[in-house]
file upload.cif (mmCIF, C-alpha atoms)
data_input
loop_
_atom_site.label_atom_id
_atom_site.label_comp_id
_atom_site.auth_asym_id
_atom_site.auth_seq_id
_atom_site.Cartn_x
_atom_site.Cartn_y
_atom_site.Cartn_z
CA MET V 238 -22.30 -90.21 149.28
CA GLU V 239 -24.59 -87.82 151.16
CA ILE V 240 -25.65 -89.37 154.44
CA GLU V 241 -29.15 -87.85 154.33
CA LYS V 242 -29.86 -89.21 150.88
CA THR V 243 -28.54 -92.61 151.94
CA ASN V 244 -30.73 -92.67 155.04
CA ARG V 245 -33.79 -91.64 153.09
CA MET V 246 -33.25 -94.23 150.37
CA ASN V 247 -32.70 -96.97 152.95
CA ALA V 248 -35.92 -95.91 154.70
CA LEU V 249 -37.99 -95.80 151.51
CA PHE V 250 -36.52 -99.16 150.55
CA GLU V 251 -37.78 -100.63 153.85
CA PHE V 252 -41.33 -99.60 152.98
CA TYR V 253 -41.51 -100.17 149.23
CA ALA V 254 -38.95 -102.88 148.41
CA THR V 255 -41.78 -105.34 147.69
CA LEU V 256 -42.94 -103.13 144.81
CA LEU V 257 -39.56 -103.15 143.06
CA THR V 258 -38.25 -105.65 140.51
CA GLU V 259 -35.56 -108.11 141.62
CA LYS V 260 -32.87 -106.15 139.79
CA GLN V 261 -33.95 -102.78 141.22
CA MET V 262 -34.01 -104.35 144.68
CA HIS V 263 -30.52 -105.83 144.38
CA TYR V 264 -28.82 -102.75 142.93
CA ILE V 265 -30.35 -100.27 145.36
CA GLU V 266 -29.68 -102.49 148.34
CA LEU V 267 -26.04 -103.04 147.42
CA TYR V 268 -25.54 -99.35 146.69
CA TYR V 269 -27.31 -97.77 149.67
CA ALA V 270 -27.44 -100.44 152.37
CA GLU V 271 -24.23 -102.35 151.62
CA ASP V 272 -22.25 -99.32 150.42
CA TYR V 273 -21.00 -100.98 147.20
CA SER V 274 -19.62 -98.62 144.53
CA LEU V 275 -21.26 -98.47 141.10
CA ALA V 276 -18.17 -100.21 139.69
CA GLU V 277 -18.44 -103.05 142.20
CA ILE V 278 -22.12 -103.61 141.40
CA ALA V 279 -21.33 -103.49 137.67
CA GLU V 280 -18.65 -106.12 138.14
CA THR V 281 -20.87 -108.32 140.32
CA TYR V 282 -23.67 -108.36 137.72
CA ASP V 283 -21.41 -108.20 134.64
CA VAL V 284 -23.07 -105.05 133.27
CA THR V 285 -21.74 -101.54 132.58
CA ARG V 286 -21.29 -98.98 135.33
CA GLN V 287 -23.63 -96.71 133.34
CA ALA V 288 -26.37 -99.35 133.30
CA VAL V 289 -26.14 -99.68 137.09
CA TYR V 290 -26.18 -95.90 137.51
CA ASP V 291 -29.25 -95.47 135.28
CA ASN V 292 -31.10 -98.25 137.06
CA ILE V 293 -30.37 -96.80 140.51
CA LYS V 294 -31.38 -93.25 139.49
CA ARG V 295 -34.61 -94.63 138.07
CA THR V 296 -35.30 -96.66 141.23
CA GLU V 297 -34.75 -93.58 143.40
CA LYS V 298 -37.48 -91.81 141.39
CA VAL V 299 -39.76 -94.84 141.69
CA LEU V 300 -39.30 -94.95 145.48
CA GLU V 301 -39.98 -91.21 145.82
CA SER V 302 -43.05 -91.58 143.64
CA TYR V 303 -44.44 -94.35 145.88
CA GLU V 304 -43.81 -92.15 148.90
CA THR V 305 -45.64 -89.23 147.26
CA LYS V 306 -48.59 -91.48 146.50
CA LEU V 307 -48.74 -93.57 149.69
CA HIS V 308 -46.71 -91.59 152.29
CA MET V 309 -46.07 -94.69 154.40
CA TYR V 310 -42.68 -93.37 155.56
CA SER V 311 -43.82 -89.86 156.56
CA ASP V 312 -46.85 -91.33 158.38
CA TYR V 313 -44.52 -93.73 160.16
CA ILE V 314 -42.31 -90.84 161.35
CA VAL V 315 -45.29 -89.00 162.88
CA ARG V 316 -46.63 -92.16 164.55
CA ASP V 317 -43.20 -93.16 165.84
CA GLN V 318 -42.77 -89.76 167.49
CA ILE V 319 -46.16 -90.00 169.21
CA PHE V 320 -45.51 -93.58 170.35
CA SER V 321 -42.14 -92.60 171.88
CA ASP V 322 -43.75 -89.65 173.60
CA LEU V 323 -46.52 -91.85 175.07
CA LEU V 324 -44.07 -94.56 176.19
CA THR V 325 -42.16 -91.92 178.19
CA LYS V 326 -45.17 -90.08 179.55
CA TYR V 327 -47.13 -93.20 180.57
CA SER V 328 -44.20 -95.43 181.57
CA GLU V 329 -46.05 -96.54 184.74
CA ASP V 330 -49.18 -97.64 182.88
CA THR V 331 -48.57 -101.28 181.95
CA TYR V 332 -51.76 -101.65 179.91
CA LEU V 333 -51.11 -98.60 177.78
CA ILE V 334 -47.45 -99.55 177.29
CA GLY V 335 -48.63 -102.95 176.05
CA GLN V 336 -50.99 -101.39 173.52
CA ILE V 337 -48.36 -98.95 172.27
CA THR V 338 -45.84 -101.77 171.96
CA MET V 339 -48.36 -103.69 169.85
CA LEU V 340 -48.81 -100.61 167.63
CA GLN V 341 -45.03 -100.28 167.26
CA SER V 342 -44.62 -103.91 166.27
CA LEU V 343 -46.98 -103.31 163.32
CA GLU V 344 -44.48 -100.82 161.93
CA ASN V 345 -41.77 -103.45 161.58
CA ASP V 346 -43.59 -106.33 159.93
CA MET W 216 -72.99 -108.27 144.25
CA GLU W 217 -71.53 -109.73 147.45
CA ILE W 218 -71.46 -107.09 150.15
CA GLU W 219 -68.18 -108.39 151.66
CA LYS W 220 -66.38 -108.24 148.33
CA THR W 221 -67.77 -104.75 147.72
CA ASN W 222 -66.63 -103.51 151.12
CA ARG W 223 -63.18 -104.99 150.69
CA MET W 224 -62.71 -103.52 147.22
CA ASN W 225 -63.87 -100.11 148.40
CA ALA W 226 -61.42 -100.30 151.31
CA LEU W 227 -58.46 -101.40 149.17
CA PHE W 228 -59.38 -98.66 146.71
CA GLU W 229 -59.13 -96.08 149.51
CA PHE W 230 -55.54 -97.15 150.19
CA TYR W 231 -54.18 -97.90 146.74
CA ALA W 232 -56.20 -95.78 144.28
CA THR W 233 -53.15 -93.54 143.67
CA LEU W 234 -51.29 -96.55 142.24
CA LEU W 235 -53.95 -97.32 139.63
CA THR W 236 -54.28 -95.94 136.12
CA GLU W 237 -57.03 -93.39 135.45
CA LYS W 238 -59.12 -96.00 133.65
CA GLN W 239 -58.73 -98.60 136.40
CA MET W 240 -59.65 -95.95 138.95
CA HIS W 241 -62.80 -94.85 137.11
CA TYR W 242 -64.14 -98.33 136.34
CA ILE W 243 -63.56 -99.74 139.81
CA GLU W 244 -65.02 -96.67 141.51
CA LEU W 245 -68.14 -96.67 139.36
CA TYR W 246 -68.62 -100.40 139.83
CA TYR W 247 -67.94 -100.76 143.55
CA ALA W 248 -68.49 -97.32 145.06
CA GLU W 249 -71.22 -95.98 142.76
CA ASP W 250 -72.89 -99.34 142.11
CA TYR W 251 -72.99 -98.97 138.31
CA SER W 252 -73.62 -102.15 136.33
CA LEU W 253 -71.00 -103.39 133.84
CA ALA W 254 -73.39 -102.41 131.03
CA GLU W 255 -73.74 -98.87 132.37
CA ILE W 256 -69.97 -98.42 132.62
CA ALA W 257 -69.56 -99.85 129.10
CA GLU W 258 -72.12 -97.38 127.78
CA THR W 259 -70.54 -94.43 129.65
CA TYR W 260 -67.10 -95.14 128.19
CA ASP W 261 -68.30 -96.48 124.83
CA VAL W 262 -66.49 -99.81 125.20
CA THR W 263 -67.74 -103.40 125.39
CA ARG W 264 -69.15 -104.89 128.57
CA GLN W 265 -66.44 -107.56 128.29
CA ALA W 266 -63.68 -104.93 128.21
CA VAL W 267 -65.05 -103.35 131.38
CA TYR W 268 -65.37 -106.75 133.05
CA ASP W 269 -61.79 -107.74 132.16
CA ASN W 270 -60.42 -104.41 133.37
CA ILE W 271 -62.25 -104.65 136.70
CA LYS W 272 -61.20 -108.28 137.31
CA ARG W 273 -57.60 -107.28 136.59
CA THR W 274 -57.81 -104.26 138.92
CA GLU W 275 -59.17 -106.45 141.72
CA LYS W 276 -56.06 -108.64 141.38
CA VAL W 277 -53.81 -105.55 141.31
CA LEU W 278 -55.41 -104.18 144.50
CA GLU W 279 -55.09 -107.55 146.29
CA SER W 280 -51.47 -107.77 145.17
CA TYR W 281 -50.69 -104.33 146.65
CA GLU W 282 -52.35 -105.39 149.90
CA THR W 283 -50.27 -108.59 150.01
CA LYS W 284 -47.10 -106.56 149.49
CA LEU W 285 -47.82 -103.50 151.65
CA HIS W 286 -50.68 -104.60 154.01
CA MET W 287 -51.75 -100.99 154.61
CA TYR W 288 -55.40 -102.02 155.04
CA SER W 289 -54.83 -104.91 157.46
CA ASP W 290 -52.44 -102.74 159.53
CA TYR W 291 -55.08 -100.02 159.57
CA ILE W 292 -57.70 -102.44 160.92
CA VAL W 293 -55.45 -103.47 163.83
CA ARG W 294 -54.52 -99.85 164.65
CA ASP W 295 -58.13 -98.68 164.38
CA GLN W 296 -59.25 -101.34 166.87
CA ILE W 297 -56.54 -100.34 169.37
CA PHE W 298 -57.31 -96.61 168.95
CA SER W 299 -61.04 -97.21 169.59
CA ASP W 300 -60.22 -99.29 172.64
CA LEU W 301 -57.92 -96.58 174.05
CA LEU W 302 -60.45 -93.80 173.37
CA THR W 303 -63.03 -95.69 175.43
CA LYS W 304 -60.70 -96.80 178.20
CA TYR W 305 -59.00 -93.42 178.67
CA SER W 306 -61.94 -91.14 177.88
CA GLU W 307 -61.12 -88.92 180.91
CA ASP W 308 -57.51 -88.33 179.83
CA THR W 309 -57.59 -85.26 177.58
CA TYR W 310 -53.92 -85.42 176.64
CA LEU W 311 -54.04 -89.07 175.58
CA ILE W 312 -57.30 -88.54 173.68
CA GLY W 313 -55.61 -85.71 171.79
CA GLN W 314 -52.67 -87.90 170.80
CA ILE W 315 -54.91 -90.78 169.71
CA THR W 316 -57.05 -88.37 167.69
CA MET W 317 -53.90 -87.16 165.95
CA LEU W 318 -52.95 -90.76 165.17
CA GLN W 319 -56.44 -91.41 163.79
CA SER W 320 -56.31 -88.36 161.55
CA LEU W 321 -53.19 -89.81 159.86
CA GLU W 322 -55.28 -92.75 158.69
CA ASN W 323 -57.59 -90.56 156.66
CA ASP W 324 -55.19 -88.32 154.79
#

call {"tool": "encode", "arguments": {"input": "upload.cif", "output": "structure tokens"}}
result
Amino acid sequence: MEIEKTNRMNALFEFYATLLTEKQMHYIELYYAEDYSLAEIAETYDVTRQAVYDNIKRTEKVLESYETKLHMYSDYIVRDQIFSDLLTKYSEDTYLIGQITMLQSLEND
Amino acid sequence: MEIEKTNRMNALFEFYATLLTEKQMHYIELYYAEDYSLAEIAETYDVTRQAVYDNIKRTEKVLESYETKLHMYSDYIVRDQIFSDLLTKYSEDTYLIGQITMLQSLEND
């Protein structure tokens, strides 16, 4: 599996998992985060390999569509870069570091 | 109409409008942002007042459900408060002001 695709799907999943159905959530998580094969997922859920494949392809499109509409992941990347930069540049400024740390913690809730 | 409800619906609409259907988008925008009455919307779209009412009530639930799942608006409020605070506290620091301004511009895209 392509590593870039895997990383992107795992990232989009972090942001939009709550918008997926239970089944979409389980399949995509097993496939991309847990590195199950299609056959293993099919066996686990007692469905065909094709059904798992179709569901995962569809979920990938759904996740990309949410990103196009809401761009939570691309906004996060820009903010994360700026936060890292500020943490380095102002490492002596305890107050600012505290505020930036608070901003970062919002990204992971 | 309650002003707090109106403000909240307008705010949620800003964040999640792209996830609504065309019809949901139009009704909720006319009602909350343009201050149309239900009767005026019904007349504009040649449907019953009840149909407009039901659609708007449903869209309000949809918007609140997206906020529960994604909390883009509540995260924005926290960030916005911190950005304002930093802009005041570090108003002499051109570099930091530039970075904060960049962060703020992400909120309005």

call {"tool": "interface_residues", "arguments": {"input": "upload.cif", "of": "chain V", "to": "chain W", "cutoff": "12 Å", "atoms": "all atoms listed in the file", "output": "ChimeraX atom specification"}}
result
/V:251-257,299,302-324,326-327,330,332-346

call {"tool": "residues_around", "arguments": {"input": "upload.cif", "residues": "range 239-253 of chain W", "least_positions_apart": "2", "cutoff": "6 Å", "atoms": "all atoms listed in the file", "output": "VMD selection string"}}
result
chain W and resid 221 235 to 237 255 to 256 264 271

call {"tool": "atom_distance", "arguments": {"input": "upload.cif", "atom1": "CA of Leu278 in chain W", "atom2": "CA of Tyr260 in chain W"}}
result
22.0 Å

call {"tool": "atom_distance", "arguments": {"input": "upload.cif", "atom1": "CA of Val284 in chain V", "atom2": "CA of Met246 in chain V"}}
result
22.7 Å

call {"tool": "atom_distance", "arguments": {"input": "upload.cif", "atom1": "CA of Glu219 in chain W", "atom2": "CA of Arg273 in chain W"}}
result
18.4 Å

call {"tool": "closest_residue", "arguments": {"input": "upload.cif", "among": "V:Leu249, V:Thr281, V:Thr331, V:Ala276", "to": "Thr296 in chain V", "atoms": "all atoms listed in the file"}}
result
V:Leu249
